[in-house]
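Novice: Pasting model.cif here (mmCIF, C-alpha atoms and all ligand atoms):
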data_model
#
loop_
_atom_site.label_atom_id
_atom_site.label_comp_id
_atom_site.auth_asym_id
_atom_site.auth_seq_id
_atom_site.Cartn_x
_atom_site.Cartn_y
_atom_site.Cartn_z
CA MET A 18 124.33 145.27 80.66
CA ARG A 19 121.37 143.66 82.40
CA ALA A 20 121.93 140.23 83.94
CA ARG A 21 120.16 137.47 82.06
CA PRO A 22 117.25 136.05 84.04
CA VAL A 23 117.81 132.57 85.48
CA ARG A 24 115.69 130.10 83.56
CA LEU A 25 113.67 127.68 85.63
CA GLY A 26 112.93 125.09 82.98
CA PRO A 27 111.19 121.74 83.39
CA VAL A 28 114.47 120.15 84.54
CA GLU A 29 114.35 121.68 88.01
CA PRO A 30 111.08 120.17 89.24
CA TYR A 31 112.20 116.80 87.89
CA GLU A 32 115.53 116.96 89.77
CA HIS A 33 113.64 118.00 92.87
CA ALA A 34 111.24 115.08 92.46
CA THR A 35 114.05 112.54 92.15
CA GLN A 36 115.51 113.66 95.49
CA GLN A 37 112.31 112.65 97.31
CA PRO A 38 111.57 108.97 97.84
CA GLU A 39 108.36 108.41 95.90
CA ARG A 40 105.29 107.66 98.00
CA ARG A 41 103.79 104.42 96.64
CA PRO A 42 100.77 103.49 98.74
CA TRP A 43 98.39 100.58 98.78
CA VAL A 44 94.88 101.70 97.85
CA VAL A 45 92.43 100.25 100.37
CA GLY A 46 88.81 100.24 99.24
CA VAL A 47 86.14 99.60 101.87
CA SER A 48 82.79 98.70 100.30
CA GLY A 49 79.38 98.14 101.85
CA ALA A 50 79.57 94.43 102.72
CA SER A 51 79.44 93.34 106.33
CA GLY A 52 82.96 93.05 107.78
CA THR A 53 84.28 96.52 108.57
CA PRO A 54 86.53 94.93 111.30
CA TYR A 55 88.38 93.17 108.45
CA ALA A 56 89.13 96.55 106.88
CA ALA A 57 90.31 97.97 110.22
CA ALA A 58 92.64 94.99 110.74
CA VAL A 59 94.12 95.26 107.21
CA LEU A 60 94.69 98.99 107.73
CA ARG A 61 96.40 98.32 111.09
CA GLY A 62 98.57 95.65 109.43
CA LEU A 63 99.63 97.88 106.54
CA LEU A 64 100.50 100.76 108.88
CA ALA A 65 102.36 98.44 111.27
CA ALA A 66 104.43 97.26 108.29
CA GLY A 67 105.30 100.89 107.47
CA GLU A 68 103.19 100.97 104.30
CA ASP A 69 101.48 104.09 102.99
CA VAL A 70 97.75 103.85 102.40
CA ASP A 71 95.28 105.65 100.15
CA LEU A 72 91.84 105.04 101.63
CA VAL A 73 88.50 105.03 99.79
CA VAL A 74 85.38 104.34 101.86
CA SER A 75 82.23 103.79 99.76
CA ARG A 76 79.01 105.56 100.65
CA ALA A 77 77.30 102.26 101.47
CA SER A 78 80.14 101.12 103.72
CA ARG A 79 79.49 104.07 106.02
CA LEU A 80 76.15 102.42 106.84
CA THR A 81 77.76 99.06 107.64
CA LEU A 82 80.47 100.81 109.68
CA LEU A 83 77.83 102.69 111.65
CA ASP A 84 75.82 99.50 112.12
CA GLU A 85 78.80 97.33 113.15
CA THR A 86 80.76 99.80 115.29
CA GLY A 87 78.58 102.84 116.00
CA ILE A 88 81.19 105.01 114.25
CA ALA A 89 80.13 107.61 111.69
CA PHE A 90 82.81 108.04 109.02
CA ARG A 91 82.76 111.67 107.84
CA ASP A 92 84.85 113.01 104.95
CA ALA A 93 85.38 116.29 106.81
CA HIS A 94 86.60 114.49 109.98
CA TRP A 95 88.07 111.34 108.44
CA ARG A 96 91.34 111.40 110.42
CA GLU A 97 89.57 111.55 113.77
CA ASP A 98 86.97 108.95 112.68
CA LEU A 99 89.68 106.64 111.31
CA ARG A 100 91.63 106.81 114.58
CA THR A 101 88.48 105.90 116.54
CA TRP A 102 87.71 103.04 114.12
CA LEU A 103 91.24 101.57 114.15
CA ALA A 104 91.40 101.77 117.94
CA MET A 105 88.42 99.40 118.23
CA GLY A 106 88.55 95.62 117.91
CA ALA A 107 85.80 93.46 116.42
CA ASP A 108 84.49 92.87 119.95
CA GLY A 109 84.30 96.63 120.61
CA LYS A 110 87.30 96.46 122.95
CA PRO A 111 90.29 98.81 122.53
CA GLN A 112 93.25 97.63 120.43
CA THR A 113 96.71 98.02 121.95
CA PHE A 114 98.49 99.02 118.71
CA GLU A 115 98.22 102.74 117.90
CA PRO A 116 98.64 103.13 114.14
CA ASP A 117 100.31 106.15 112.57
CA VAL A 118 97.42 107.56 110.52
CA SER A 119 99.69 110.26 109.09
CA ARG A 120 100.63 107.62 106.49
CA VAL A 121 97.01 107.54 105.30
CA ARG A 122 95.61 109.73 102.55
CA HIS A 123 91.84 109.78 102.30
CA TRP A 124 89.92 110.30 99.08
CA ALA A 125 86.17 110.91 98.98
CA ALA A 126 84.30 108.09 97.23
CA GLY A 127 82.72 110.53 94.77
CA ASP A 128 86.02 112.18 93.83
CA LEU A 129 86.63 110.79 90.36
CA ALA A 130 89.55 113.20 89.88
CA ALA A 131 91.39 111.67 92.86
CA GLY A 132 94.89 110.21 92.46
CA PRO A 133 93.90 106.50 92.30
CA SER A 134 91.50 107.20 89.42
CA SER A 135 94.51 107.43 87.06
CA GLY A 136 97.00 104.73 86.10
CA SER A 137 99.82 107.27 86.18
CA TYR A 138 99.34 107.82 89.92
CA PRO A 139 101.95 105.66 91.69
CA VAL A 140 100.48 102.86 93.82
CA LYS A 141 101.53 99.31 94.71
CA GLY A 142 98.08 97.83 94.14
CA MET A 143 94.64 97.74 95.70
CA LEU A 144 92.95 95.74 98.44
CA ILE A 145 89.12 95.76 98.57
CA VAL A 146 88.15 94.75 102.08
CA PRO A 147 85.35 93.82 102.46
CA ALA A 148 84.03 93.61 98.91
CA SER A 149 80.25 93.68 98.44
CA THR A 150 78.65 91.70 95.62
CA ALA A 151 77.62 95.06 94.12
CA CYS A 152 81.28 96.05 94.11
CA VAL A 153 82.28 92.68 92.61
CA ALA A 154 79.71 93.20 89.83
CA GLY A 155 80.82 96.79 89.22
CA VAL A 156 84.52 95.90 89.01
CA ALA A 157 83.88 92.79 86.88
CA LEU A 158 81.90 94.93 84.42
CA GLY A 159 84.21 97.95 84.65
CA LEU A 160 81.34 100.23 85.71
CA SER A 161 83.51 102.73 87.66
CA LYS A 162 80.39 104.11 89.35
CA ASP A 163 82.53 105.66 92.10
CA LEU A 164 86.22 106.14 92.96
CA LEU A 165 86.48 102.70 94.58
CA GLN A 166 85.32 100.92 91.43
CA ARG A 167 87.34 103.21 89.15
CA ALA A 168 90.51 102.62 91.19
CA ALA A 169 89.91 98.84 90.95
CA SER A 170 89.48 99.03 87.16
CA VAL A 171 92.68 101.09 86.93
CA THR A 172 94.50 98.49 89.06
CA LEU A 173 93.43 95.73 86.66
CA LYS A 174 94.27 97.65 83.49
CA GLU A 175 97.71 98.50 84.89
CA ARG A 176 98.25 94.82 85.80
CA ARG A 177 98.84 95.66 89.46
CA PRO A 178 97.84 93.37 92.33
CA LEU A 179 94.13 93.55 93.18
CA VAL A 180 92.80 91.59 96.16
CA VAL A 181 89.02 91.26 96.43
CA ALA A 182 87.89 90.06 99.89
CA VAL A 183 84.29 89.29 98.97
CA ARG A 184 81.74 88.87 101.80
CA GLU A 185 78.37 87.36 101.08
CA THR A 186 76.67 84.04 101.67
CA PRO A 187 75.22 82.19 99.87
CA LEU A 188 76.62 83.37 96.54
CA SER A 189 74.38 83.66 93.48
CA GLY A 190 75.45 82.13 90.15
CA GLN A 191 75.76 85.65 88.81
CA THR A 192 78.26 86.65 91.51
CA LEU A 193 80.17 83.39 91.02
CA LYS A 194 80.54 84.18 87.31
CA GLN A 195 81.68 87.72 88.14
CA LEU A 196 84.26 86.34 90.58
CA VAL A 197 85.59 84.05 87.84
CA ALA A 198 85.78 87.10 85.54
CA LEU A 199 87.81 88.93 88.19
CA ASP A 200 90.10 85.94 88.62
CA GLU A 201 90.62 85.77 84.85
CA ALA A 202 91.38 89.50 84.80
CA GLY A 203 94.22 88.89 87.28
CA ALA A 204 92.58 89.72 90.62
CA ILE A 205 93.04 87.53 93.69
CA VAL A 206 89.56 86.56 94.89
CA LEU A 207 89.90 86.07 98.63
CA PRO A 208 86.60 85.28 100.37
CA ALA A 209 86.40 86.72 103.88
CA SER A 210 86.34 83.21 105.26
CA PRO A 211 88.25 82.65 108.52
CA ALA A 212 89.90 79.28 109.29
CA PHE A 213 89.96 77.59 112.68
CA TYR A 214 93.29 75.72 112.55
CA ALA A 215 95.33 78.68 113.78
CA GLY A 216 94.06 78.43 117.36
CA ALA A 217 91.50 81.26 117.39
CA THR A 218 90.02 81.93 120.82
CA HIS A 219 88.52 85.37 120.23
CA ILE A 220 86.48 87.00 117.48
CA GLN A 221 89.46 89.29 116.74
CA ASP A 222 91.63 86.21 116.02
CA LEU A 223 89.20 85.21 113.26
CA VAL A 224 89.20 88.74 111.85
CA ASP A 225 93.01 88.86 111.99
CA PHE A 226 93.24 85.55 110.14
CA VAL A 227 91.36 87.00 107.17
CA ALA A 228 93.33 90.26 107.37
CA GLY A 229 96.56 88.24 107.47
CA ARG A 230 95.59 86.31 104.35
CA VAL A 231 94.83 89.62 102.56
CA LEU A 232 98.30 90.90 103.54
CA ASP A 233 99.84 87.57 102.45
CA ALA A 234 98.24 88.05 99.03
CA ALA A 235 99.77 91.53 98.88
CA GLY A 236 103.18 90.31 100.07
CA VAL A 237 103.09 92.52 103.18
CA PRO A 238 104.73 90.97 106.28
CA HIS A 239 102.60 90.64 109.41
CA ARG A 240 102.13 88.62 112.61
CA PHE A 241 98.36 88.30 112.48
CA TYR A 242 98.01 84.54 112.80
CA ARG A 243 99.98 81.37 113.48
CA ARG A 244 101.07 79.77 110.24
CA TRP A 245 100.51 76.11 109.59
CA LYS A 246 103.66 74.20 110.50
CA GLY A 247 102.75 70.77 109.22
CA GLU A 248 101.60 69.31 112.57
CA LEU A 249 98.00 68.56 113.42
CA GLY A 250 96.83 70.32 116.59
CA GLY A 251 99.62 72.92 116.40
CA GLY A 252 97.13 75.77 116.70
CA ARG A 253 96.01 74.47 120.10
CA SER A 254 99.47 74.35 121.68
CA PRO A 255 100.77 77.54 123.36
CA GLU A 256 103.76 77.72 120.95
CA GLY A 257 101.62 77.13 117.90
CA GLY A 258 102.99 73.63 117.10
C1 LIG A 301 74.17 96.30 107.49
C2 LIG A 301 74.41 95.92 106.06
C3 LIG A 301 75.13 94.77 105.78
C4 LIG A 301 75.36 94.41 104.45
N1 LIG A 301 76.10 93.28 104.22
C5 LIG A 301 76.40 92.94 102.95
C6 LIG A 301 77.24 91.81 102.70
O1 LIG A 301 77.74 91.13 103.61
N2 LIG A 301 77.56 91.53 101.41
C7 LIG A 301 77.10 92.28 100.36
O2 LIG A 301 77.42 91.98 99.21
N3 LIG A 301 76.27 93.36 100.56
C8 LIG A 301 75.92 93.70 101.84
N4 LIG A 301 75.13 94.80 102.07
C9 LIG A 301 74.56 95.52 100.92
C10 LIG A 301 75.53 96.54 100.31
O3 LIG A 301 75.83 97.54 101.26
C11 LIG A 301 74.87 97.18 99.08
O4 LIG A 301 74.77 96.22 98.05
C12 LIG A 301 75.58 98.39 98.56
O5 LIG A 301 74.92 98.83 97.39
C13 LIG A 301 77.04 98.14 98.26
O6 LIG A 301 77.57 99.31 97.67
P1 LIG A 301 79.14 99.53 97.47
O7 LIG A 301 79.67 98.32 96.81
O8 LIG A 301 79.22 100.75 96.61
O9 LIG A 301 79.74 99.80 98.80
C14 LIG A 301 74.85 95.18 103.39
C15 LIG A 301 74.13 96.36 103.69
C16 LIG A 301 73.91 96.71 104.99
C17 LIG A 301 73.13 97.97 105.29
#
Could I get this file's structure written as structure tokens?
Specialist:
Amino acid sequence: MRARPVRLGPVEPYEHATQQPERRPWVVGVSGASGTPYAAAVLRGLLAAGEDVDLVVSRASRLTLLDETGIAFRDAHWREDLRTWLAMGADGKPQTFEPDVSRVRHWAAGDLAAGPSSGSYPVKGMLIVPASTACVAGVALGLSKDLLQRAASVTLKERRPLVVAVRETPLSGQTLKQLVALDEAGAIVLPASPAFYAGATHIQDLVDFVAGRVLDAAGVPHRFYRRWKGELGGGRSPEGG
């Protein structure tokens, strides 16, 4: 008598899947507003906190990145380009922290079949840093013109945290209305607007303040800036008040 073949039904892949801790990254969208050092700082902070990251870099943001840092971000060489980008501070000087970019998964901005384009793909939420006014408009209207905007719309429809670090000044009435629409849809509108009470002495301190506020909004621990301790002048003392 012939042995009965072993059946590999749908149960086996499921059991296998439950043995693996599920990867649940933050989606980081970098759009074409000025402020690519903010994105680099947020990425460093997420990786330092041991978070996984799914990265989407809009086509326009490659121009601002090139303009602000001299770095060309290429889909085919994204790991190498990301390492170079994250190693550079806002002043062009090297950063001491070497992030583990193996925790980053990159998706091309035009890839509308990418993981973050579906609500069933597991993510913690999305941080758009910096957010251009074009991106604000697109997300407020649900345009989904590229993966970044689609992922943001998915984040809203799934009621997951969405942080929008808008960078523009002055703001038109139209953008202000779109920001209100985003707020009403559940997003955290977080203007890339550094404060000066935390004792900033270098340009990177101002960048890190904004990055720290983005991570605060996402509930990710960090040591980017000195927190207010209820004492005036605390930021100017060596211990931070
Ligand atoms: C050097 C440079 C700086 C820019 N800075 C800003 C900015 O601070 N805020 C903004 O809303 N748009 C800015 N833009 C314009 C955006 O890149 C443009 O609106 C683009 O369409 C945004 O597309 P995206 O949202 O798909 O990335 C800048 C463009 C360039 C080339």
Novice: Which residues form the shell of 12 Å around ligand LIG 301 (chain A) when you count all atoms listed in the file, given as a PyMOL selection string?
Specialist: chain A and resi 46-53+55+73-87+126-127+145-156+160-167+169+181-189+192+208-210
Novice: With a distance cut-off of 10 Å and only C-alpha atoms, select the neighbouring residues of stretch 96-106 of chain A, excluding the residue or stretch itself and same-chain residues fewer than 4 positions from it, and output the selection as a PyMOL selection string.
Specialist: chain A and resi 53-61+82+86-92+110-119+121-123+220-221+224
Novice: When you draw a straight line from atom CA of A:Val206 to atom CA of A:Leu179, how long is it in Å?
Specialist: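 According to the coordinates, atom CA of A:Val206 and atom CA of A:Leu179 are separated by 8.5 Å.
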Novice: Separation of atom CA of A:Ala235 and atom CA of A:Gly142, in Å?
Specialist: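 Atom CA of A:Gly142 lies 8.1 Å from atom CA of A:Ala235.
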Novice: Between A:Leu63, A:Val180, A:Val140, A:Val237, which one has atoms that come closest to A:Glu39, using only C-alpha atoms?
Specialist: A:Val140
Novice: Using atom CA of A:Leu196 and atom CA of A:Arg41 as the two end points, give the distance in Å to one decimal.
Specialist: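 It comes out at 27.3 Å.
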Novice: Which residue, A:Ser137, A:Ala66, A:Arg40, A:Leu158, has the smallest gap to A:Arg240 when you use only C-alpha atoms?
Specialist: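 Closest candidate: A:Ala66.
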Novice: Find, counting all atoms listed in the file, the residue in A:Leu207, A:Ala125, A:Ala212, A:Ala157 that gets nearest to A:Trp245.
Specialist: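 Closest candidate: A:Ala212.
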Novice: With all atoms listed in the file as the basis for distance, which of A:Ala204, A:Leu223, A:Ala215, A:Ala228 is at the shortest distance from A:Ser254?
Specialist: A:Ala215
Novice: With distances taken over all atoms listed in the file, which of A:Ser170, A:Ala107, A:Arg244, A:Lys194 is nearest to A:Ser135?
Specialist: A:Ser170
